[in-house]
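Peer 1: This is the content of target-v2.txt (compact mmCIF, C-alpha atoms):
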# COMPACT_ATOMS: atom_id res chain seq x y z
CA MET A 15 -6.60 -11.38 4.60
CA ASP A 16 -7.43 -10.44 1.00
CA LEU A 17 -5.47 -7.22 1.54
CA LEU A 18 -2.33 -9.21 2.26
CA ALA A 19 -2.79 -11.34 -0.86
CA ILE A 20 -3.38 -8.25 -3.06
CA TRP A 21 -0.34 -6.51 -1.61
CA VAL A 22 1.93 -9.50 -2.23
CA LEU A 23 0.53 -9.80 -5.78
CA VAL A 24 1.32 -6.12 -6.43
CA CYS A 25 4.86 -6.18 -5.01
CA SER A 26 5.99 -9.54 -6.32
CA THR A 27 4.24 -9.79 -9.72
CA LEU A 28 2.37 -6.73 -11.04
CA ALA A 29 4.94 -4.03 -10.17
CA PRO A 30 7.98 -6.03 -11.42
CA THR A 31 6.16 -6.82 -14.70
CA ALA A 32 5.21 -3.15 -15.12
CA LEU A 33 8.79 -2.07 -14.35
CA LEU A 34 10.15 -4.57 -16.86
CA GLY A 35 7.73 -3.32 -19.53
CA LEU A 36 8.57 0.34 -18.81
CA LEU A 37 12.32 -0.36 -18.90
CA LEU A 38 11.96 -2.16 -22.22
CA ALA A 39 9.89 0.72 -23.62
CA VAL A 40 12.49 3.27 -22.48
CA VAL A 41 15.51 1.46 -23.91
CA LEU A 42 13.80 0.71 -27.25
CA PRO A 43 15.67 2.58 -29.97
CA GLY A 44 14.00 5.88 -30.74
CA THR A 45 11.94 6.31 -27.54
CA LEU A 46 14.18 9.03 -26.12
CA GLN A 47 14.94 10.56 -29.51
CA ARG A 48 11.32 11.56 -30.16
CA LYS A 49 10.31 15.15 -29.62
CA THR A 50 7.31 14.10 -27.50
CA LYS A 51 7.45 13.77 -23.72
CA ILE A 52 6.84 10.02 -23.85
CA GLY A 53 10.43 9.09 -22.91
CA PRO A 54 10.69 11.26 -19.77
CA ASN A 55 7.15 10.22 -18.74
CA LEU A 56 8.05 6.54 -19.07
CA ILE A 57 11.16 7.11 -16.92
CA ARG A 58 9.05 8.91 -14.30
CA ALA A 59 6.53 6.07 -14.27
CA ALA A 60 9.36 3.53 -13.94
CA HIS A 61 10.75 5.42 -10.92
CA ALA A 62 7.31 5.43 -9.29
CA VAL A 63 6.74 1.70 -9.91
CA ALA A 64 10.29 0.70 -8.85
CA TYR A 65 9.52 1.54 -5.20
CA TRP A 66 7.04 -1.32 -5.03
CA ALA A 67 8.71 -3.81 -7.36
CA ILE A 68 10.50 -6.01 -4.83
CA PRO A 69 10.72 -9.55 -6.27
CA GLU A 70 14.15 -10.08 -4.67
CA VAL A 71 12.57 -9.74 -1.22
CA GLN A 72 9.96 -12.30 -2.26
CA VAL A 73 12.77 -14.69 -3.30
CA LEU A 74 14.43 -14.29 0.11
CA ALA A 75 11.05 -14.83 1.82
CA ILE A 76 10.49 -18.05 -0.18
CA ILE A 77 14.01 -19.30 0.72
CA VAL A 78 13.38 -18.57 4.41
CA ALA A 79 9.93 -20.24 4.25
CA LEU A 80 11.31 -23.34 2.48
CA LEU A 81 14.16 -23.69 4.99
CA ARG A 82 11.62 -23.32 7.81
CA LEU A 83 9.32 -25.95 6.26
CA GLY A 84 12.30 -28.13 5.34
CA SER A 85 12.87 -28.92 9.01
CA VAL A 86 9.32 -30.38 9.25
CA VAL A 87 8.40 -31.77 5.81
CA ASP A 88 10.20 -32.90 2.67
CA VAL A 89 10.50 -29.89 0.34
CA ARG A 90 11.51 -30.03 -3.31
CA ILE A 91 12.12 -26.82 -5.23
CA GLY A 92 10.43 -26.56 -8.63
CA ALA A 93 11.73 -24.91 -11.81
CA GLY A 94 9.45 -21.89 -11.29
CA PHE A 95 11.48 -20.82 -8.28
CA TRP A 96 14.73 -20.74 -10.32
CA PHE A 97 13.09 -18.81 -13.16
CA TYR A 98 11.55 -16.33 -10.72
CA SER A 99 14.92 -15.90 -8.96
CA GLY A 100 16.64 -15.35 -12.33
CA MET A 101 14.02 -12.75 -13.26
CA SER A 102 14.45 -10.97 -9.88
CA ILE A 103 18.25 -10.80 -10.13
CA SER A 104 18.15 -9.67 -13.79
CA LEU A 105 15.55 -7.00 -13.05
CA PHE A 106 17.49 -5.81 -10.00
CA VAL A 107 20.75 -5.49 -11.99
CA ALA A 108 18.94 -3.87 -14.95
CA TRP A 109 17.23 -1.28 -12.74
CA ARG A 110 20.39 -0.47 -10.75
CA SER A 111 22.43 0.02 -13.92
CA PHE A 112 19.62 2.15 -15.38
CA VAL A 113 19.53 4.38 -12.27
CA LEU A 114 23.32 4.66 -11.93
CA ARG A 115 23.96 5.24 -15.67
CA PRO A 116 20.72 6.65 -17.14
CA PRO A 117 20.42 6.77 -20.94
CA GLN A 118 21.15 10.17 -22.47
CA ASP A 119 18.16 12.00 -23.86
CA SER A 120 19.50 13.63 -27.01
CA SER A 121 16.57 16.05 -27.27
CA ALA A 122 17.06 17.36 -23.74
CA GLN A 123 19.65 19.96 -22.94
CA THR A 124 22.60 18.72 -20.96
CA PRO A 125 22.84 20.72 -17.73
CA SER A 126 26.06 22.63 -17.71
CA LEU A 127 28.14 22.77 -14.60
CA PRO A 128 28.75 26.23 -13.09
CA MET B 3 11.88 14.22 -9.07
CA ASN B 4 8.67 15.65 -10.48
CA LEU B 5 6.47 12.96 -8.90
CA ARG B 6 7.66 14.01 -5.49
CA ARG B 7 6.80 17.64 -6.30
CA ARG B 8 3.39 16.58 -7.56
CA PHE B 9 2.36 14.61 -4.49
CA PHE B 10 4.31 16.36 -1.74
CA CYS B 11 5.19 20.03 -1.42
CA ALA B 12 8.74 20.66 -2.61
CA GLY B 13 11.05 21.77 0.16
CA ASP B 14 8.50 20.81 2.78
CA LEU B 15 9.60 18.49 5.56
CA ASN B 16 6.10 18.16 7.02
CA SER B 17 5.00 15.30 4.74
CA ALA B 18 8.10 13.25 5.53
CA ALA B 19 7.73 13.98 9.26
CA ALA B 20 4.00 13.10 9.23
CA PHE B 21 4.53 9.78 7.42
CA SER B 22 7.45 8.91 9.73
CA ALA B 23 5.29 9.62 12.79
CA ALA B 24 2.45 7.50 11.37
CA ALA B 25 4.92 4.66 10.70
CA ALA B 26 6.29 4.92 14.25
CA VAL B 27 2.73 4.69 15.65
CA MET B 28 1.92 1.73 13.38
CA LEU B 29 5.07 -0.13 14.50
CA LEU B 30 3.58 -0.51 18.00
CA PRO B 31 0.62 -2.77 17.02
CA ALA B 32 2.88 -4.39 14.42
CA ASN B 33 5.22 -5.60 17.15
CA LEU B 34 2.64 -6.21 19.88
CA LEU B 35 -0.16 -7.96 17.94
CA PRO B 36 0.20 -11.58 16.77
CA VAL B 37 1.26 -11.95 13.13
CA ILE B 38 0.84 -15.70 12.59
CA THR B 39 -0.96 -18.71 14.04
CA THR B 40 0.59 -22.10 13.34
CA GLU B 41 -1.28 -25.35 14.01
CA THR B 42 0.72 -28.56 13.89
CA SER B 43 -0.80 -31.93 14.89
CA GLY B 44 -3.54 -30.23 16.91
CA ILE B 45 -1.16 -27.94 18.79
CA SER B 46 -1.88 -24.28 18.06
CA ARG B 47 0.71 -21.56 18.50
CA THR B 48 0.36 -17.80 17.98
CA ASP B 49 3.45 -15.68 17.43
CA THR B 50 4.34 -12.01 17.31
CA ILE B 51 7.31 -10.95 15.15
CA LEU B 52 9.77 -11.20 18.04
CA SER B 53 8.47 -14.52 19.42
CA GLY B 54 8.63 -15.94 15.88
CA VAL B 55 12.31 -15.01 15.71
CA VAL B 56 12.95 -16.54 19.16
CA GLU B 57 11.17 -19.75 18.07
CA LEU B 58 13.33 -19.97 14.92
CA TRP B 59 16.43 -19.52 17.08
CA HIS B 60 15.37 -22.29 19.49
CA ARG B 61 14.64 -24.66 16.59
CA GLY B 62 18.27 -24.30 15.50
CA LEU B 63 17.50 -22.17 12.42
CA ARG B 64 19.80 -19.43 13.69
CA ALA B 65 20.85 -17.91 10.35
CA ILE B 66 17.17 -17.49 9.38
CA ALA B 67 16.37 -16.09 12.82
CA VAL B 68 19.10 -13.44 12.37
CA ILE B 69 17.88 -12.55 8.84
CA VAL B 70 14.26 -12.17 10.00
CA PHE B 71 15.35 -10.23 13.12
CA VAL B 72 17.43 -7.78 11.06
CA ALA B 73 14.78 -7.34 8.34
CA SER B 74 11.74 -7.08 10.62
CA ILE B 75 12.99 -5.37 13.77
CA ILE B 76 16.40 -3.73 13.24
CA ILE B 77 15.79 -2.18 9.77
CA PRO B 78 12.37 -0.54 10.50
CA PHE B 79 13.68 0.86 13.81
CA PHE B 80 16.92 2.25 12.37
CA LYS B 81 15.12 3.54 9.29
CA LEU B 82 12.76 5.59 11.44
CA VAL B 83 15.61 6.88 13.64
CA GLY B 84 17.65 7.71 10.51
CA LEU B 85 14.71 9.51 8.90
CA ALA B 86 14.08 11.50 12.09
CA TRP B 87 17.77 12.47 12.14
CA LEU B 88 17.70 13.52 8.45
CA ILE B 89 14.52 15.58 8.97
CA PHE B 90 16.08 17.23 12.03
CA LYS B 91 19.30 18.07 10.14
CA ALA B 92 17.39 19.33 7.07
CA HIS B 93 15.18 21.46 9.33
CA ARG B 94 18.27 23.09 10.84
CA GLY B 95 19.46 24.01 7.36
CA PRO B 96 22.42 22.94 5.22
CA GLY B 97 25.53 21.87 7.08
CA THR B 98 28.98 20.58 6.34
CA LYS B 99 27.95 16.91 6.53
CA ALA B 100 25.50 17.05 3.62
CA ARG B 101 27.43 14.46 1.60
CA ARG B 102 27.48 11.94 4.46
CA LEU B 103 23.79 12.54 5.23
CA THR B 104 22.89 12.03 1.56
CA ARG B 105 24.71 8.67 1.68
CA LEU B 106 22.66 7.81 4.79
CA TYR B 107 19.50 8.72 2.86
CA ALA B 108 20.52 6.48 -0.07
CA ALA B 109 21.25 3.62 2.35
CA LEU B 110 17.88 4.03 4.13
CA ASP B 111 16.16 4.13 0.75
CA PHE B 112 17.86 0.88 -0.29
CA VAL B 113 17.41 -1.19 2.89
CA GLY B 114 13.80 -0.20 3.58
CA ARG B 115 12.34 -2.66 1.08
CA TRP B 116 13.87 -5.66 2.89
CA SER B 117 11.52 -5.06 5.84
CA MET B 118 8.76 -6.49 3.65
CA LEU B 119 10.38 -9.93 4.16
CA ASP B 120 8.16 -10.90 7.09
CA VAL B 121 4.98 -9.90 5.23
CA PHE B 122 5.92 -12.09 2.24
CA LEU B 123 7.02 -14.89 4.57
CA VAL B 124 3.67 -15.00 6.40
CA ALA B 125 1.73 -14.70 3.12
CA PHE B 126 3.75 -17.49 1.49
CA LEU B 127 3.50 -19.83 4.50
CA SER B 128 -0.25 -19.32 4.89
CA GLY B 129 -0.75 -19.94 1.18
CA VAL B 130 1.46 -23.03 0.96
CA VAL B 131 0.91 -24.85 4.25
CA ARG B 132 -2.39 -26.69 3.89
CA PHE B 133 -1.83 -30.18 5.18
CA GLY B 134 -5.43 -30.73 6.28
CA ALA B 135 -5.74 -31.71 9.90
CA PHE B 136 -1.97 -32.10 10.20
CA SER B 137 -0.89 -28.52 9.86
CA SER B 138 -2.11 -25.05 8.88
CA VAL B 139 -0.84 -21.48 9.03
CA GLU B 140 -3.12 -18.43 9.41
CA PRO B 141 -2.06 -14.78 9.12
CA ARG B 142 -3.19 -12.49 11.96
CA SER B 143 -3.92 -8.76 12.19
CA GLY B 144 -0.38 -7.81 13.29
CA ILE B 145 0.99 -8.53 9.83
CA ILE B 146 -1.34 -5.93 8.25
CA ALA B 147 -0.13 -3.34 10.80
CA PHE B 148 3.46 -4.32 10.03
CA ALA B 149 2.92 -4.06 6.25
CA LEU B 150 1.32 -0.63 6.75
CA ALA B 151 4.27 0.49 8.91
CA VAL B 152 6.73 -0.57 6.20
CA VAL B 153 4.70 1.11 3.44
CA LEU B 154 4.52 4.32 5.52
CA THR B 155 8.31 4.33 6.04
CA VAL B 156 8.83 3.87 2.28
CA ILE B 157 6.44 6.78 1.55
CA ALA B 158 8.19 8.89 4.23
CA THR B 159 11.57 8.22 2.57
CA HIS B 160 10.07 9.12 -0.79
CA ALA B 161 8.53 12.32 0.63
CA PHE B 162 11.86 13.48 2.05
CA ASP B 163 13.78 15.54 -0.47
CA PRO B 164 17.57 15.01 0.04
CA LYS B 165 18.21 18.32 -1.74
CA LEU B 166 17.14 20.00 1.52
CA LEU B 167 20.37 18.73 3.07
CA TRP B 168 22.30 20.81 0.54
CA ARG B 169 20.28 23.99 0.18
CA ASP B 170 18.20 26.04 2.57
CA HIS B 171 14.42 26.33 2.39
CA ALA B 172 14.63 29.34 0.05
CA GLY B 173 16.51 27.15 -2.43
CA THR B 174 19.97 28.69 -2.09
CA PRO B 175 22.64 26.00 -2.56
CA SER B 176 24.79 27.30 0.28
CA ALA B 177 26.40 23.97 1.11
CA PHE B 178 27.50 23.05 -2.46
CA PRO B 179 30.09 21.34 -2.56
CA THR B 180 31.85 21.28 0.76
CA HIS B 181 34.99 19.41 -0.30
CA GLU B 182 36.18 22.15 -2.67
CA SER B 183 38.20 24.97 -1.21
CA PRO B 184 37.28 28.48 -2.39
CA ALA B 185 39.67 29.97 -4.92
Kindly present the structure from the file in structure tokens form.
Peer 2:
Amino acid sequence: MDLLAIWVLVCSTLAPTALLGLLLAVVLPGTLQRKTKIGPNLIRAAHAVAYWAIPEVQVLAIIVALLRLGSVVDVRIGAGFWFYSGMSISLFVAWRSFVLRPPQDSSAQTPSLP
Amino acid sequence: MNLRRRFFCAGDLNSAAAFSAAAAVMLLPANLLPVITTETSGISRTDTILSGVVELWHRGLRAIAVIVFVASIIIPFFKLVGLAWLIFKAHRGPGTKARRLTRLYAALDFVGRWSMLDVFLVAFLSGVVRFGAFSSVEPRSGIIAFALAVVLTVIATHAFDPKLLWRDHAGTPSAFPTHESPA
């Protein structure tokens, strides 16, 4: 079941970290102002990674698992869970606001409406 | 999006249809094969997705049972039906309901990820529950089939270009925008 472990690692840790890094790189002052294609490429990469960055689903899975275990054994939630949940919610809100109100690329031409 | 054009042919419904069909095929073993084996105090129990939900319900954890049922059975099924409907409508060409169908596409795109809940649940339980002889949890082959089915539906959604609901295959935006009356 190594496949399962790798898949969970990708979706719950690697992809969210990559998305966070890409988002930070995009919103850094100057990234989108440069004449190079680095800004649009970073945005494209972020869109590709975002499909597999699903830490909020992992949080729900942990809650369901803890409730399920809680009926059998004594379960105490550690600080890591709260930090991970905070990260998931922040990343979710950051990504949604980025997608709904994308930053304006000053070097790109604004498409004019017909 | 350029990535979509790079990996799938633009304006081509075949990729989306092929991935949807593969996901539909993969959902059969995902629902029929066992996904988890739980051993508590020497009593072993093997569950499929549905029997796991029924067990949760009987143990009184009804809210969790409903969440798992919706995420693991309802969402994948409706996502595939919705995708098939979108592909069918896009194949017929642009119509007057393009706006509503695009909303359906956005909704399918958003809810699809929650199907991964059962995969994470089984992975987390099998990693955490190690109480020696008292209790253990082992993942079974059904969960791999289920994860593959979910991944295939996500790729199918990604392969589908919602622009096809608005313009015909030659690229003419003949359905733009339907709510405005011609001057």
Peer 1: Of the residues B:Thr104, B:Ser143, B:Thr40, B:Thr48, which is the one nearest to chain A, using only C-alpha atoms?
Peer 2: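 Ranked by minimum distance to chain A, first place goes to B:Ser143.
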Peer 1: CA of Leu17 in chain A and CA of Phe126 in chain B, how far apart in Å?
Peer 2: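 Pair CA of Phe126 in chain B / CA of Leu17 in chain A returns 13.8 Å.
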Peer 1: Quick one: everything within 12 Å of Val70 in chain B, counting only C-alpha atoms, minus sequence neighbours fewer than 5 positions away in the same chain. Send it as a ChimeraX atom specification.
Peer 2: /A:71,74-75,77-79,82 /B:51-59,63-65,75-78,116-124
Peer 1: Can you write out the residues you just picked, keeping C-alpha atoms, as a PDB file, in the coordinates of the input?
Peer 2:
ATOM      1  CA  VAL A  71      12.570  -9.740  -1.220  1.00  0.00           C
ATOM      2  CA  LEU A  74      14.430 -14.290   0.110  1.00  0.00           C
ATOM      3  CA  ALA A  75      11.050 -14.830   1.820  1.00  0.00           C
ATOM      4  CA  ILE A  77      14.010 -19.300   0.720  1.00  0.00           C
ATOM      5  CA  VAL A  78      13.380 -18.570   4.410  1.00  0.00           C
ATOM      6  CA  ALA A  79       9.930 -20.240   4.250  1.00  0.00           C
ATOM      7  CA  ARG A  82      11.620 -23.320   7.810  1.00  0.00           C
TER       8      ARG A  82
ATOM      9  CA  ILE B  51       7.310 -10.950  15.150  1.00  0.00           C
ATOM     10  CA  LEU B  52       9.770 -11.200  18.040  1.00  0.00           C
ATOM     11  CA  SER B  53       8.470 -14.520  19.420  1.00  0.00           C
ATOM     12  CA  GLY B  54       8.630 -15.940  15.880  1.00  0.00           C
ATOM     13  CA  VAL B  55      12.310 -15.010  15.710  1.00  0.00           C
ATOM     14  CA  VAL B  56      12.950 -16.540  19.160  1.00  0.00           C
ATOM     15  CA  GLU B  57      11.170 -19.750  18.070  1.00  0.00           C
ATOM     16  CA  LEU B  58      13.330 -19.970  14.920  1.00  0.00           C
ATOM     17  CA  TRP B  59      16.430 -19.520  17.080  1.00  0.00           C
ATOM     18  CA  LEU B  63      17.500 -22.170  12.420  1.00  0.00           C
ATOM     19  CA  ARG B  64      19.800 -19.430  13.690  1.00  0.00           C
ATOM     20  CA  ALA B  65      20.850 -17.910  10.350  1.00  0.00           C
ATOM     21  CA  ILE B  75      12.990  -5.370  13.770  1.00  0.00           C
ATOM     22  CA  ILE B  76      16.400  -3.730  13.240  1.00  0.00           C
ATOM     23  CA  ILE B  77      15.790  -2.180   9.770  1.00  0.00           C
ATOM     24  CA  PRO B  78      12.370  -0.540  10.500  1.00  0.00           C
ATOM     25  CA  TRP B 116      13.870  -5.660   2.890  1.00  0.00           C
ATOM     26  CA  SER B 117      11.520  -5.060   5.840  1.00  0.00           C
ATOM     27  CA  MET B 118       8.760  -6.490   3.650  1.00  0.00           C
ATOM     28  CA  LEU B 119      10.380  -9.930   4.160  1.00  0.00           C
ATOM     29  CA  ASP B 120       8.160 -10.900   7.090  1.00  0.00           C
ATOM     30  CA  VAL B 121       4.980  -9.900   5.230  1.00  0.00           C
ATOM     31  CA  PHE B 122       5.920 -12.090   2.240  1.00  0.00           C
ATOM     32  CA  LEU B 123       7.020 -14.890   4.570  1.00  0.00           C
ATOM     33  CA  VAL B 124       3.670 -15.000   6.400  1.00  0.00           C
TER      34      VAL B 124
END
Peer 1: Counting all atoms listed in the file, write as a list of chain:residue names all protein and nucleic acid residues lying at most 9 Å from (-2.9, 2.9, 10.5) in the file's frame.
Peer 2: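 Returned residue set, sorted by chain then number, is B:Ala24, B:Ala25, B:Val27, B:Met28, B:Ala147, B:Leu150, B:Ala151.
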Peer 1: Using only C-alpha atoms, which of A:His61, A:Ala32, A:Leu46, A:Phe95 sits nearest Ile76 in chain A?
Peer 2: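 Answer, going by the shortest atom-to-atom distance: A:Phe95.
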Peer 1: Tell me, counting only C-alpha atoms, for each residue of chain A within 12 Å of chain B, which pair of atoms is nearest and how far apart they are in Å to one decimal, in rows ordered by chain and increasing number, as a tab-separated table.
Peer 2:
residue	atom	partner	partner_atom	distance
A:Met15	CA	B:Pro141	CA	7.3
A:Asp16	CA	B:Ala125	CA	10.3
A:Leu17	CA	B:Ile146	CA	8.0
A:Leu18	CA	B:Ala125	CA	6.9
A:Ala19	CA	B:Ala125	CA	6.9
A:Ile20	CA	B:Ala125	CA	10.3
A:Trp21	CA	B:Ala149	CA	8.9
A:Val22	CA	B:Phe122	CA	6.5
A:Leu23	CA	B:Phe122	CA	9.9
A:Val24	CA	B:Phe122	CA	11.5
A:Cys25	CA	B:Phe122	CA	9.4
A:Ser26	CA	B:Phe122	CA	8.9
A:Pro54	CA	B:Asn4	CA	10.5
A:Asn55	CA	B:Asn4	CA	10.0
A:Ile57	CA	B:Met3	CA	10.6
A:Arg58	CA	B:Leu5	CA	7.2
A:Ala59	CA	B:Leu5	CA	8.7
A:Ala60	CA	B:Leu5	CA	11.1
A:His61	CA	B:Leu5	CA	8.9
A:Ala62	CA	B:Leu5	CA	7.6
A:Val63	CA	B:Leu5	CA	11.3
A:Ala64	CA	B:Arg115	CA	10.7
A:Tyr65	CA	B:Val156	CA	7.9
A:Trp66	CA	B:Arg115	CA	8.2
A:Ala67	CA	B:Arg115	CA	9.3
A:Ile68	CA	B:Arg115	CA	7.0
A:Pro69	CA	B:Phe122	CA	10.1
A:Glu70	CA	B:Trp116	CA	8.8
A:Val71	CA	B:Leu119	CA	5.8
A:Gln72	CA	B:Phe122	CA	6.1
A:Val73	CA	B:Leu119	CA	9.2
A:Leu74	CA	B:Leu119	CA	7.2
A:Ala75	CA	B:Leu123	CA	4.9
A:Ile76	CA	B:Leu123	CA	6.7
A:Ile77	CA	B:Leu123	CA	9.1
A:Val78	CA	B:Ile66	CA	6.3
A:Ala79	CA	B:Leu123	CA	6.1
A:Leu80	CA	B:Leu127	CA	8.8
A:Leu81	CA	B:Ile66	CA	8.2
A:Arg82	CA	B:Leu63	CA	7.6
A:Leu83	CA	B:Leu127	CA	8.6
A:Gly84	CA	B:Leu63	CA	10.6
A:Ser85	CA	B:Leu63	CA	8.9
A:Val86	CA	B:Thr42	CA	9.9
A:Val87	CA	B:Val131	CA	10.3
A:Val89	CA	B:Val130	CA	11.4
A:Phe106	CA	B:Phe112	CA	11.8
A:Arg110	CA	B:Phe112	CA	10.8
A:Pro128	CA	B:Phe178	CA	11.2
Peer 1: May I have the residues from that selection written out with C-alpha atoms, as a PDB file, in the frame of the given file?
Peer 2:
ATOM      1  CA  MET A  15      -6.600 -11.380   4.600  1.00  0.00           C
ATOM      2  CA  ASP A  16      -7.430 -10.440   1.000  1.00  0.00           C
ATOM      3  CA  LEU A  17      -5.470  -7.220   1.540  1.00  0.00           C
ATOM      4  CA  LEU A  18      -2.330  -9.210   2.260  1.00  0.00           C
ATOM      5  CA  ALA A  19      -2.790 -11.340  -0.860  1.00  0.00           C
ATOM      6  CA  ILE A  20      -3.380  -8.250  -3.060  1.00  0.00           C
ATOM      7  CA  TRP A  21      -0.340  -6.510  -1.610  1.00  0.00           C
ATOM      8  CA  VAL A  22       1.930  -9.500  -2.230  1.00  0.00           C
ATOM      9  CA  LEU A  23       0.530  -9.800  -5.780  1.00  0.00           C
ATOM     10  CA  VAL A  24       1.320  -6.120  -6.430  1.00  0.00           C
ATOM     11  CA  CYS A  25       4.860  -6.180  -5.010  1.00  0.00           C
ATOM     12  CA  SER A  26       5.990  -9.540  -6.320  1.00  0.00           C
ATOM     13  CA  PRO A  54      10.690  11.260 -19.770  1.00  0.00           C
ATOM     14  CA  ASN A  55       7.150  10.220 -18.740  1.00  0.00           C
ATOM     15  CA  ILE A  57      11.160   7.110 -16.920  1.00  0.00           C
ATOM     16  CA  ARG A  58       9.050   8.910 -14.300  1.00  0.00           C
ATOM     17  CA  ALA A  59       6.530   6.070 -14.270  1.00  0.00           C
ATOM     18  CA  ALA A  60       9.360   3.530 -13.940  1.00  0.00           C
ATOM     19  CA  HIS A  61      10.750   5.420 -10.920  1.00  0.00           C
ATOM     20  CA  ALA A  62       7.310   5.430  -9.290  1.00  0.00           C
ATOM     21  CA  VAL A  63       6.740   1.700  -9.910  1.00  0.00           C
ATOM     22  CA  ALA A  64      10.290   0.700  -8.850  1.00  0.00           C
ATOM     23  CA  TYR A  65       9.520   1.540  -5.200  1.00  0.00           C
ATOM     24  CA  TRP A  66       7.040  -1.320  -5.030  1.00  0.00           C
ATOM     25  CA  ALA A  67       8.710  -3.810  -7.360  1.00  0.00           C
ATOM     26  CA  ILE A  68      10.500  -6.010  -4.830  1.00  0.00           C
ATOM     27  CA  PRO A  69      10.720  -9.550  -6.270  1.00  0.00           C
ATOM     28  CA  GLU A  70      14.150 -10.080  -4.670  1.00  0.00           C
ATOM     29  CA  VAL A  71      12.570  -9.740  -1.220  1.00  0.00           C
ATOM     30  CA  GLN A  72       9.960 -12.300  -2.260  1.00  0.00           C
ATOM     31  CA  VAL A  73      12.770 -14.690  -3.300  1.00  0.00           C
ATOM     32  CA  LEU A  74      14.430 -14.290   0.110  1.00  0.00           C
ATOM     33  CA  ALA A  75      11.050 -14.830   1.820  1.00  0.00           C
ATOM     34  CA  ILE A  76      10.490 -18.050  -0.180  1.00  0.00           C
ATOM     35  CA  ILE A  77      14.010 -19.300   0.720  1.00  0.00           C
ATOM     36  CA  VAL A  78      13.380 -18.570   4.410  1.00  0.00           C
ATOM     37  CA  ALA A  79       9.930 -20.240   4.250  1.00  0.00           C
ATOM     38  CA  LEU A  80      11.310 -23.340   2.480  1.00  0.00           C
ATOM     39  CA  LEU A  81      14.160 -23.690   4.990  1.00  0.00           C
ATOM     40  CA  ARG A  82      11.620 -23.320   7.810  1.00  0.00           C
ATOM     41  CA  LEU A  83       9.320 -25.950   6.260  1.00  0.00           C
ATOM     42  CA  GLY A  84      12.300 -28.130   5.340  1.00  0.00           C
ATOM     43  CA  SER A  85      12.870 -28.920   9.010  1.00  0.00           C
ATOM     44  CA  VAL A  86       9.320 -30.380   9.250  1.00  0.00           C
ATOM     45  CA  VAL A  87       8.400 -31.770   5.810  1.00  0.00           C
ATOM     46  CA  VAL A  89      10.500 -29.890   0.340  1.00  0.00           C
ATOM     47  CA  PHE A 106      17.490  -5.810 -10.000  1.00  0.00           C
ATOM     48  CA  ARG A 110      20.390  -0.470 -10.750  1.00  0.00           C
ATOM     49  CA  PRO A 128      28.750  26.230 -13.090  1.00  0.00           C
TER      50      PRO A 128
END
Peer 1: Work out how far CA of Leu28 in chain A is from CA of Ser102 in chain A, in Å to one decimal.
Peer 2: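 Separating CA of Ser102 in chain A from CA of Leu28 in chain A is a distance of 12.9 Å.
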Peer 1: In Å, rounded to a single decimal, give me how far CA of Gly53 in chain A is from CA of Arg115 in chain A.
Peer 2: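 According to the coordinates, CA of Arg115 in chain A and CA of Gly53 in chain A are separated by 15.8 Å.
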Peer 1: Emit as JSON the padded axis-aligned box for all listed atoms of range 25-40 of chain A, 8 Å per side, with centre and edge lengths in Å to one decimal.
Peer 2:
{"center_x": 7.4, "center_y": -3.3, "center_z": -14.3, "size_x": 26.1, "size_y": 29.1, "size_z": 34.6}
Peer 1: Please determine, counting only C-alpha atoms, which residue among B:Gly144, B:Ser128, B:Gly97, B:Thr39 has the shortest atom-to-atom distance to Lys165 in chain B.
Peer 2: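 Result for the nearest residue to Lys165 in chain B: B:Gly97.
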Peer 1: So that I can check the surroundings of Lys99 in chain B, please list as an MDAnalysis selection string every protein, DNA and RNA residue that reaches within 9 Å of it, counting all atoms listed in the file and ignoring chain neighbours fewer than 3 positions away.
Peer 2: chainID B and resid 96 102:104 167 180
Peer 1: Just the selected residues (C-alpha atoms), exported as a tab-separated table (two decimals), in the coordinates of the input, please.
Peer 2:
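Contents of again-v8.tsv, freshly written:
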chain	number	residue	atom	x	y	z
B	96	PRO	CA	22.42	22.94	5.22
B	102	ARG	CA	27.48	11.94	4.46
B	103	LEU	CA	23.79	12.54	5.23
B	104	THR	CA	22.89	12.03	1.56
B	167	LEU	CA	20.37	18.73	3.07
B	180	THR	CA	31.85	21.28	0.76
Peer 1: Please supply range 38-42 of chain B, rebuilt with N, CA, C and O atoms, as a PDB file, in the frame of the given file.
Peer 2:
ATOM      1  N   ILE B  38       1.046 -14.380  13.217  1.00  0.00           N
ATOM      2  CA  ILE B  38       0.840 -15.700  12.590  1.00  0.00           C
ATOM      3  C   ILE B  38       0.365 -16.720  13.628  1.00  0.00           C
ATOM      4  O   ILE B  38       0.781 -16.671  14.787  1.00  0.00           O
ATOM      5  N   THR B  39      -0.543 -17.590  13.189  1.00  0.00           N
ATOM      6  CA  THR B  39      -0.960 -18.710  14.040  1.00  0.00           C
ATOM      7  C   THR B  39      -0.620 -20.013  13.317  1.00  0.00           C
ATOM      8  O   THR B  39      -1.051 -20.222  12.186  1.00  0.00           O
ATOM      9  N   THR B  40       0.184 -20.834  13.946  1.00  0.00           N
ATOM     10  CA  THR B  40       0.590 -22.100  13.340  1.00  0.00           C
ATOM     11  C   THR B  40      -0.068 -23.240  14.100  1.00  0.00           C
ATOM     12  O   THR B  40      -0.037 -23.261  15.331  1.00  0.00           O
ATOM     13  N   GLU B  41      -0.673 -24.186  13.371  1.00  0.00           N
ATOM     14  CA  GLU B  41      -1.280 -25.350  14.010  1.00  0.00           C
ATOM     15  C   GLU B  41      -0.645 -26.612  13.454  1.00  0.00           C
ATOM     16  O   GLU B  41      -0.721 -26.884  12.257  1.00  0.00           O
ATOM     17  N   THR B  42       0.053 -27.337  14.314  1.00  0.00           N
ATOM     18  CA  THR B  42       0.720 -28.560  13.890  1.00  0.00           C
ATOM     19  C   THR B  42       0.258 -29.702  14.788  1.00  0.00           C
ATOM     20  O   THR B  42       0.418 -29.642  16.002  1.00  0.00           O
TER      21      THR B  42
END
